[in-house]
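Shown next: input_35.txt, containing compact mmCIF, C-alpha atoms.
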# COMPACT_ATOMS: atom_id res chain seq x y z
CA MET R 1 -15.74 7.05 -19.89
CA PRO R 2 -14.53 10.18 -21.73
CA ASP R 3 -13.69 12.28 -18.65
CA LEU R 4 -11.35 9.74 -17.06
CA SER R 5 -7.56 9.78 -17.11
CA THR R 6 -5.86 6.78 -18.71
CA THR R 7 -2.50 5.11 -18.20
CA PRO R 8 -0.01 4.24 -20.97
CA LEU R 9 -1.34 0.66 -20.82
CA ILE R 10 -4.97 1.46 -21.66
CA GLY R 11 -4.67 -0.04 -25.15
CA LEU R 12 -3.18 -3.25 -23.75
CA HIS R 13 -5.93 -3.50 -21.13
CA ARG R 14 -8.57 -3.27 -23.85
CA GLU R 15 -6.75 -5.79 -26.05
CA LEU R 16 -6.60 -8.26 -23.15
CA GLY R 17 -10.31 -7.89 -22.43
CA GLY R 18 -9.99 -6.02 -19.16
CA ARG R 19 -13.23 -4.88 -17.58
CA LEU R 20 -12.61 -1.15 -17.17
CA VAL R 21 -14.01 0.96 -14.33
CA ASP R 22 -13.65 4.43 -12.85
CA PHE R 23 -11.14 4.34 -10.00
CA ALA R 24 -10.23 7.71 -8.45
CA GLY R 25 -10.81 9.39 -11.81
CA TRP R 26 -8.80 6.81 -13.78
CA GLU R 27 -10.00 4.23 -16.29
CA LEU R 28 -8.49 1.01 -14.96
CA PRO R 29 -9.18 -2.74 -15.21
CA ILE R 30 -11.06 -4.22 -12.28
CA GLN R 31 -10.42 -7.71 -13.68
CA PHE R 32 -9.35 -9.73 -16.71
CA GLU R 33 -10.03 -13.46 -16.24
CA GLY R 34 -11.77 -12.82 -12.90
CA VAL R 35 -10.95 -11.65 -9.39
CA LEU R 36 -10.69 -15.13 -7.84
CA ALA R 37 -8.46 -16.47 -10.61
CA GLU R 38 -6.22 -13.40 -10.52
CA HIS R 39 -5.97 -13.50 -6.73
CA ARG R 40 -4.86 -17.13 -6.84
CA GLN R 41 -2.49 -16.39 -9.70
CA CYS R 42 -0.70 -13.83 -7.57
CA ARG R 43 -0.57 -16.08 -4.51
CA THR R 44 0.85 -19.07 -6.43
CA GLU R 45 2.58 -17.70 -9.56
CA ALA R 46 2.91 -14.01 -10.51
CA GLY R 47 0.51 -11.25 -11.46
CA LEU R 48 1.17 -8.00 -13.31
CA PHE R 49 -0.76 -4.93 -12.11
CA ASP R 50 -0.92 -1.49 -13.72
CA VAL R 51 -0.58 0.99 -10.85
CA SER R 52 0.36 3.96 -13.01
CA HIS R 53 -2.46 5.98 -11.47
CA MET R 54 -0.35 6.32 -8.32
CA GLY R 55 1.53 9.58 -8.01
CA VAL R 56 5.31 9.44 -8.54
CA VAL R 57 7.00 12.61 -7.23
CA GLU R 58 10.69 13.57 -7.10
CA LEU R 59 11.93 15.85 -4.31
CA ARG R 60 15.05 18.02 -4.51
CA SER R 61 16.41 21.01 -2.59
CA ALA R 62 19.35 23.37 -2.90
CA GLY R 63 21.15 21.76 0.04
CA GLY R 64 21.05 18.28 -1.42
CA VAL R 65 19.30 15.09 -0.40
CA ALA R 66 20.24 15.36 3.28
CA ASP R 67 18.44 18.69 3.55
CA THR R 68 15.52 17.33 1.53
CA ALA R 69 15.14 14.48 4.02
CA ARG R 70 15.37 16.85 6.96
CA PHE R 71 12.70 19.12 5.49
CA LEU R 72 10.40 16.17 4.75
CA GLU R 73 10.48 15.13 8.41
CA ARG R 74 8.55 18.33 9.16
CA VAL R 75 5.40 16.75 7.67
CA THR R 76 5.78 13.08 8.62
CA PRO R 77 6.67 11.17 11.80
CA ALA R 78 8.64 8.64 9.73
CA GLY R 79 12.43 8.46 9.90
CA ILE R 80 13.60 10.00 6.63
CA THR R 81 17.06 11.33 7.54
CA THR R 82 18.17 7.79 8.46
CA LEU R 83 17.04 6.33 5.12
CA ALA R 84 20.06 5.04 3.20
CA PRO R 85 20.59 5.39 -0.57
CA GLY R 86 18.94 2.59 -2.50
CA HIS R 87 16.33 1.89 0.17
CA GLN R 88 12.64 2.63 0.72
CA ARG R 89 10.53 3.44 3.76
CA TYR R 90 6.77 3.34 4.35
CA GLY R 91 5.28 6.25 6.27
CA VAL R 92 2.37 8.63 6.63
CA LEU R 93 1.76 12.36 6.27
CA THR R 94 -0.05 13.69 9.36
CA ASN R 95 -2.15 16.78 10.02
CA GLN R 96 -2.09 19.00 13.09
CA ALA R 97 -4.90 16.93 14.68
CA GLY R 98 -2.84 13.74 14.37
CA GLY R 99 -4.87 12.29 11.50
CA ILE R 100 -3.43 10.73 8.36
CA ILE R 101 -3.39 12.84 5.19
CA ASP R 102 -1.99 9.92 3.18
CA ASP R 103 0.30 6.92 3.40
CA LEU R 104 3.26 6.73 1.04
CA ILE R 105 6.57 5.14 0.13
CA VAL R 106 9.79 7.21 0.23
CA THR R 107 12.77 6.04 -1.84
CA HIS R 108 16.31 7.41 -1.43
CA ARG R 109 17.55 7.71 -5.02
CA GLY R 110 21.05 8.92 -4.18
CA ASP R 111 20.78 12.56 -5.22
CA HIS R 112 17.05 13.02 -4.51
CA LEU R 113 14.05 11.44 -2.81
CA MET R 114 11.12 9.87 -4.64
CA LEU R 115 7.59 9.52 -3.24
CA VAL R 116 4.82 7.20 -4.40
CA VAL R 117 1.43 8.45 -3.18
CA ASN R 118 -2.16 7.31 -3.58
CA ALA R 119 -4.05 8.29 -6.72
CA SER R 120 -7.03 9.64 -4.80
CA ARG R 121 -4.74 11.86 -2.68
CA ARG R 122 -2.03 12.95 -5.10
CA HIS R 123 -3.40 16.49 -5.58
CA VAL R 124 -4.09 16.89 -1.85
CA ASP R 125 -0.60 15.63 -1.02
CA LEU R 126 1.19 17.86 -3.52
CA GLY R 127 -0.74 20.95 -2.45
CA HIS R 128 0.03 20.22 1.20
CA LEU R 129 3.71 19.49 0.59
CA ARG R 130 4.28 22.57 -1.54
CA GLN R 131 2.62 24.77 1.06
CA GLU R 132 4.47 23.29 4.03
CA LEU R 133 7.88 22.74 2.42
CA PRO R 134 8.71 25.73 0.19
CA GLU R 135 12.41 24.79 0.32
CA ILE R 136 11.76 21.67 -1.77
CA ASP R 137 11.23 21.45 -5.52
CA PHE R 138 8.53 18.87 -6.28
CA THR R 139 8.45 17.27 -9.74
CA GLU R 140 5.46 15.06 -10.52
CA ARG R 141 6.60 12.40 -12.98
CA THR R 142 3.71 12.26 -15.42
CA ASP R 143 6.06 10.80 -18.05
CA VAL R 144 6.32 7.38 -16.38
CA ALA R 145 4.21 4.30 -15.76
CA LEU R 146 4.28 2.17 -12.62
CA LEU R 147 3.96 -1.61 -12.86
CA ALA R 148 3.69 -4.06 -9.98
CA LEU R 149 4.87 -7.63 -10.59
CA GLN R 150 3.76 -9.63 -7.56
CA GLY R 151 3.84 -13.23 -6.44
CA PRO R 152 6.21 -16.03 -5.38
CA LYS R 153 7.42 -16.54 -8.96
CA ALA R 154 7.79 -12.85 -9.81
CA VAL R 155 11.54 -13.15 -9.21
CA ASP R 156 11.76 -16.05 -11.69
CA ALA R 157 10.01 -14.03 -14.38
CA LEU R 158 11.94 -10.81 -13.86
CA THR R 159 15.41 -12.34 -13.48
CA ARG R 160 14.94 -13.99 -16.86
CA LEU R 161 14.93 -10.46 -18.28
CA ILE R 162 17.25 -8.81 -15.71
CA PRO R 163 19.38 -11.38 -13.86
CA SER R 164 20.91 -8.80 -11.49
CA VAL R 165 17.51 -7.87 -10.02
CA ALA R 166 17.81 -10.96 -7.81
CA GLN R 167 20.27 -8.97 -5.66
CA LEU R 168 17.44 -6.85 -4.25
CA PHE R 169 15.90 -7.53 -0.87
CA PHE R 170 12.58 -6.21 0.44
CA LEU R 171 12.46 -2.39 0.23
CA ASP R 172 15.67 -2.13 -1.83
CA ALA R 173 15.57 -0.03 -5.02
CA ASP R 174 18.06 0.44 -7.87
CA ASP R 175 18.47 1.31 -11.56
CA PHE R 176 18.22 -1.40 -14.22
CA GLU R 177 17.61 -1.73 -17.96
CA ILE R 178 15.64 -3.93 -20.33
CA ASP R 179 16.70 -3.47 -23.98
CA ASP R 180 18.25 -0.07 -23.14
CA VAL R 181 15.04 1.10 -21.43
CA PRO R 182 15.97 2.64 -18.04
CA LEU R 183 13.95 1.33 -15.11
CA VAL R 184 13.81 2.05 -11.40
CA ILE R 185 12.95 -1.26 -9.75
CA SER R 186 12.18 -1.84 -6.09
CA ARG R 187 11.49 -5.11 -4.33
CA SER R 188 8.18 -4.04 -2.88
CA GLY R 189 4.43 -4.17 -3.35
CA TYR R 190 1.10 -4.21 -1.54
CA THR R 191 -0.09 -7.81 -1.80
CA GLY R 192 1.84 -9.47 1.04
CA GLU R 193 3.82 -11.46 -1.54
CA ASP R 194 7.37 -11.11 -2.76
CA GLY R 195 7.47 -8.92 -5.83
CA PHE R 196 8.69 -5.81 -7.58
CA GLU R 197 7.50 -2.38 -8.62
CA LEU R 198 8.90 -0.90 -11.83
CA VAL R 199 8.99 2.78 -12.75
CA VAL R 200 9.05 2.73 -16.57
CA PRO R 201 9.18 5.52 -19.16
CA ALA R 202 5.60 5.93 -20.40
CA ALA R 203 6.63 5.53 -24.05
CA ASP R 204 8.11 2.08 -23.29
CA ALA R 205 5.55 0.86 -20.75
CA GLU R 206 3.47 -1.29 -23.08
CA ARG R 207 6.56 -2.98 -24.55
CA ILE R 208 7.93 -3.79 -21.09
CA ALA R 209 4.52 -5.01 -19.90
CA ARG R 210 4.24 -7.31 -22.91
CA GLN R 211 7.68 -8.78 -22.21
CA LEU R 212 6.66 -9.50 -18.64
CA LEU R 213 3.36 -11.05 -19.75
CA GLU R 214 5.27 -13.32 -22.14
CA GLN R 215 6.87 -15.03 -19.13
CA PRO R 216 5.08 -18.31 -18.32
CA GLU R 217 4.54 -17.40 -14.66
CA VAL R 218 2.83 -14.05 -15.32
CA ALA R 219 -0.81 -13.10 -16.01
CA PRO R 220 -2.53 -9.68 -16.00
CA CYS R 221 -4.38 -8.76 -12.82
CA GLY R 222 -6.82 -5.97 -11.99
CA LEU R 223 -7.88 -3.79 -9.11
CA GLY R 224 -10.28 -6.40 -7.74
CA ALA R 225 -7.54 -8.90 -6.95
CA ARG R 226 -5.25 -6.12 -5.71
CA ASP R 227 -7.89 -5.30 -3.09
CA THR R 228 -8.54 -8.87 -1.94
CA LEU R 229 -4.79 -9.55 -1.77
CA ARG R 230 -4.01 -6.50 0.37
CA LEU R 231 -6.99 -7.24 2.65
CA GLU R 232 -5.83 -10.82 3.28
CA ALA R 233 -2.38 -9.37 3.99
CA GLY R 234 -3.88 -6.97 6.57
CA LEU R 235 -2.72 -3.88 4.66
CA SER R 236 -4.60 -0.59 4.95
CA LEU R 237 -6.39 1.25 2.15
CA TYR R 238 -6.64 5.03 2.29
CA GLY R 239 -10.26 6.16 2.48
CA ASN R 240 -11.27 2.93 4.22
CA ASP R 241 -8.80 2.08 6.98
CA LEU R 242 -7.00 5.44 6.96
CA ASP R 243 -8.27 9.02 6.80
CA GLU R 244 -7.70 12.48 8.26
CA THR R 245 -9.45 11.58 11.54
CA ILE R 246 -7.61 8.29 12.17
CA SER R 247 -4.20 8.51 13.84
CA PRO R 248 -1.24 6.26 12.99
CA ILE R 249 -1.62 4.60 16.39
CA GLU R 250 -5.32 3.85 15.86
CA ALA R 251 -4.42 2.49 12.42
CA GLY R 252 -1.82 0.13 13.83
CA LEU R 253 1.03 2.05 12.19
CA GLY R 254 2.91 3.07 15.31
CA TRP R 255 5.84 0.98 14.05
CA THR R 256 6.45 3.60 11.33
CA ILE R 257 7.46 6.18 13.98
CA PRO R 258 10.99 5.71 15.38
CA LYS R 259 11.81 6.54 18.99
CA ARG R 260 13.86 9.62 18.13
CA ARG R 261 10.85 11.14 16.34
CA ARG R 262 8.54 10.35 19.26
CA ASP R 263 11.03 11.84 21.69
CA ALA R 264 11.45 15.02 19.59
CA GLY R 265 7.71 15.40 18.94
CA ASP R 266 8.55 17.66 15.99
CA PHE R 267 5.91 16.54 13.50
CA PRO R 268 2.26 17.48 12.91
CA GLY R 269 -0.13 15.98 15.46
CA ALA R 270 2.71 14.86 17.74
CA ALA R 271 0.88 15.63 20.99
CA ARG R 272 -1.97 13.21 20.20
CA ILE R 273 0.17 10.61 18.45
CA VAL R 274 2.83 10.35 21.16
CA ARG R 275 0.15 10.27 23.89
CA GLU R 276 -1.67 7.45 22.12
CA TYR R 277 1.60 5.59 21.55
CA ASP R 278 2.45 5.76 25.27
CA GLN R 279 -1.02 5.38 26.79
CA GLY R 280 -3.03 3.59 24.11
CA SER R 281 -5.68 4.92 21.77
CA ASN R 282 -9.44 4.91 22.19
CA ARG R 283 -9.89 3.07 18.89
CA VAL R 284 -7.87 0.26 17.31
CA ARG R 285 -7.70 -1.28 13.84
CA VAL R 286 -8.26 -5.04 14.19
CA GLY R 287 -8.73 -8.14 12.09
CA LEU R 288 -12.23 -9.59 12.02
CA ALA R 289 -13.40 -13.09 11.07
CA ALA R 290 -17.12 -13.55 10.44
CA GLU R 291 -19.01 -16.78 10.97
CA GLY R 292 -20.34 -18.51 7.87
CA ARG R 293 -19.56 -17.72 4.23
CA ARG R 294 -21.25 -14.35 3.88
CA PRO R 295 -18.76 -11.44 3.55
CA VAL R 296 -19.15 -8.47 5.87
CA ARG R 297 -18.56 -5.41 3.72
CA ASP R 298 -17.03 -1.98 4.25
CA HIS R 299 -19.00 0.45 6.47
CA THR R 300 -20.93 -2.32 8.27
CA GLU R 301 -21.79 -1.19 11.79
CA LEU R 302 -20.59 -3.29 14.73
CA ARG R 303 -21.98 -3.68 18.24
CA THR R 304 -21.21 -5.69 21.34
CA ILE R 305 -23.18 -8.76 22.36
CA ASP R 306 -25.20 -6.60 24.75
CA GLY R 307 -26.01 -4.05 22.06
CA ARG R 308 -23.51 -1.20 22.60
CA PRO R 309 -21.92 0.44 19.52
CA ALA R 310 -18.53 -1.16 18.79
CA GLY R 311 -17.16 0.62 15.77
CA VAL R 312 -17.32 -0.16 12.08
CA VAL R 313 -15.88 -2.48 9.44
CA THR R 314 -13.42 -0.43 7.38
CA SER R 315 -12.55 -3.09 4.78
CA GLY R 316 -14.37 -6.35 4.22
CA GLY R 317 -14.76 -9.08 1.64
CA TYR R 318 -13.99 -12.70 0.86
CA GLY R 319 -10.48 -14.13 1.26
CA PRO R 320 -9.90 -16.57 -1.61
CA THR R 321 -6.68 -17.96 -0.11
CA ILE R 322 -8.22 -18.90 3.22
CA GLU R 323 -11.67 -19.48 1.69
CA ARG R 324 -13.69 -17.48 4.18
CA PRO R 325 -14.78 -13.90 4.82
CA VAL R 326 -12.12 -11.47 6.03
CA ALA R 327 -12.43 -7.92 7.33
CA MET R 328 -10.70 -5.17 9.23
CA GLY R 329 -12.43 -2.71 11.50
CA LEU R 330 -11.91 0.28 13.73
CA VAL R 331 -13.27 -0.66 17.15
CA PRO R 332 -13.14 0.77 20.69
CA ALA R 333 -10.07 -0.38 22.63
CA GLN R 334 -12.25 -2.33 25.07
CA SER R 335 -13.64 -4.34 22.14
CA ALA R 336 -10.22 -5.05 20.61
CA PRO R 337 -8.83 -8.05 22.58
CA LEU R 338 -8.25 -11.16 20.48
CA GLY R 339 -11.22 -13.51 20.67
CA GLN R 340 -13.73 -10.74 21.42
CA VAL R 341 -17.02 -11.55 19.68
CA LEU R 342 -18.96 -8.65 18.17
CA ILE R 343 -22.12 -8.48 16.08
CA ALA R 344 -22.14 -7.16 12.52
CA ASP R 345 -25.42 -5.89 11.11
CA VAL R 346 -25.43 -7.35 7.58
CA ARG R 347 -28.56 -6.06 5.85
CA GLY R 348 -30.65 -6.59 8.95
CA THR R 349 -29.12 -9.95 9.84
CA ASP R 350 -26.92 -10.32 12.94
CA VAL R 351 -23.62 -12.00 12.04
CA PRO R 352 -21.16 -12.90 14.84
CA ILE R 353 -17.67 -11.61 14.03
CA THR R 354 -14.53 -12.30 16.08
CA VAL R 355 -11.45 -10.14 16.63
CA VAL R 356 -8.43 -12.02 15.25
CA ASP R 357 -4.76 -11.47 14.52
CA LEU R 358 -3.58 -9.76 11.36
CA PRO R 359 -2.58 -10.67 8.72
CA PHE R 360 -4.95 -13.39 7.53
CA THR R 361 -2.21 -14.79 5.27
CA PRO R 362 1.48 -14.56 6.19
CA HIS R 363 3.67 -12.00 4.46
CA ARG R 364 6.27 -13.57 2.19
CA TYR R 365 8.60 -10.65 1.55
CA HIS R 366 12.18 -11.43 0.51
CA ARG R 367 13.91 -9.88 3.50
CA GLN R 368 17.64 -9.63 4.02
CA PRO R 369 18.81 -12.38 6.43
CA THR R 370 19.43 -11.24 9.97
CA PRO R 371 23.18 -11.40 10.77
CA GLY R 372 23.95 -14.53 12.75
CA ALA R 373 20.67 -16.23 11.85
CA ARG R 374 20.79 -19.90 10.81
CA SER R 375 20.20 -20.59 7.16
Please express what this file holds, its structure, as structure tokens.
Amino acid sequence: MPDLSTTPLIGLHRELGGRLVDFAGWELPIQFEGVLAEHRQCRTEAGLFDVSHMGVVELRSAGGVADTARFLERVTPAGITTLAPGHQRYGVLTNQAGGIIDDLIVTHRGDHLMLVVNASRRHVDLGHLRQELPEIDFTERTDVALLALQGPKAVDALTRLIPSVAQLFFLDADDFEIDDVPLVISRSGYTGEDGFELVVPAADAERIARQLLEQPEVAPCGLGARDTLRLEAGLSLYGNDLDETISPIEAGLGWTIPKRRRDAGDFPGAARIVREYDQGSNRVRVGLAAEGRRPVRDHTELRTIDGRPAGVVTSGGYGPTIERPVAMGLVPAQSAPLGQVLIADVRGTDVPITVVDLPFTPHRYHRQPTPGARS
């Protein structure tokens, strides 16, 4: 695959026997031991994922981080100016039609903001941001790798190397070191499990990855398990569940838009997004559970019992944790009530599929205790 980009861990992937594929122009491992084994590893122990293909971008402006946050709110309905130092926030970039250009994570790094964006959208995002926000200086960090250590025992593995990392709660981020290597570590991830993401200097990435893999709880995991894990967790994938025609409300991401932003309506696509928030959208992202053991895959057409079109499966596969097919779909609002039975056309065979709650497996993030809550 000579025309593909590679991460600093490509040599380690080959050494470990990773099956390499083209993903968004990057040569990345789809699996090592196997998707099912790696999925279960992450749900019960800890898995290490190379996500260095994601875009890591630093944002600065002449007026400091407060101005940078204020400028960034011009292109997203998320609440950026209220983001405190050392914390992260999930949000979306929207276009003038109210569709989603990309979803991303914003981190307040004290003197600047840091974005992590999808690999398939990084060039689109950067072009859009530079055009819309000329006041901001955007620095794409091509000199770093991004590792995701995910699973219920990720904290055991990482605190053995960095004891103070245990102080982090979900969506906290701070500076740490391993053997004098500077790291930015956040307690975050996209599997539904507790875990961490590590921004590592590219030159040290393989050494840090090897130290993590030496921990008894940790095994290497590929893109295949990353996809089944996020699907079970009911988490969206850009290009499947999100795109430039789907609004945040249709995608079930209305919770990312605080009331002050809805009231101000000062972001791209606000007219549609606020209307859909208040009145409901014509389409809704839902969970779908198919009868039998046969997975219902992405792009499968749906219809009602009486034969009317009822949307499409946006993400579908097999859920190893719950041992049955799982899917998400974009369906008309009238077909979205829980318990609604639809028909999926699976290669000419009608498969009943029921609208269910998301997620399919509960999230197990390490959240900060609510004040006054019983321990």
Tell me which of R:Cys221, R:Leu158, R:Ile305, R:Ile249 sits closest to Asp350 (chain R), counting all atoms listed in the file.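 Checking each candidate against Asp350 (chain R), we get R:Ile305 as the closest.
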Go through region 204-236 of chain R and flag each residue having an atom no more than 9 Å from region 311-328 of chain R; for those, report the closest pair of atoms plus their distance in Å to one decimal, using only C-alpha atoms, ordered by chain and rising number, as JSON lines.
{"residue": "R:Thr228", "atom": "CA", "partner": "R:Gly319", "partner_atom": "CA", "distance": 6.5}
{"residue": "R:Leu229", "atom": "CA", "partner": "R:Gly319", "partner_atom": "CA", "distance": 7.9}
{"residue": "R:Leu231", "atom": "CA", "partner": "R:Ala327", "partner_atom": "CA", "distance": 7.2}
{"residue": "R:Glu232", "atom": "CA", "partner": "R:Gly319", "partner_atom": "CA", "distance": 6.1}
{"residue": "R:Gly234", "atom": "CA", "partner": "R:Met328", "partner_atom": "CA", "distance": 7.5}
{"residue": "R:Ser236", "atom": "CA", "partner": "R:Ser315", "partner_atom": "CA", "distance": 8.3}
Using CA of Leu133 (chain R) and CA of Leu198 (chain R) as the two end points, give the distance in Å to one decimal. 27.6 Å
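Rounded to one decimal, CA of Trp255 (chain R) and CA of Thr76 (chain R) lie 13.3 Å from each other.
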At a cut-off of 8 Å, using all atoms listed in the file, what residues contact His363 (chain R)? Leave out same-chain residues fewer than 6 positions from it and give the result as a PyMOL selection string. chain R and resi 192-193+233
Residues from the last selection, C-alpha atoms, saved as a short mmCIF file (atom, residue, chain, number, x, y, z; two decimals), in the frame of the given file:
data_model
loop_
_atom_site.label_atom_id
_atom_site.label_comp_id
_atom_site.auth_asym_id
_atom_site.auth_seq_id
_atom_site.Cartn_x
_atom_site.Cartn_y
_atom_site.Cartn_z
CA GLY R 192 1.84 -9.47 1.04
CA GLU R 193 3.82 -11.46 -1.54
CA ALA R 233 -2.38 -9.37 3.99
#
Distance criterion (all atoms listed in the file): nearest to Val75 (chain R) out of R:Asp103, R:Asp204, R:Glu276, R:Asp241: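 Under the stated criterion, the closest residue is R:Asp103.
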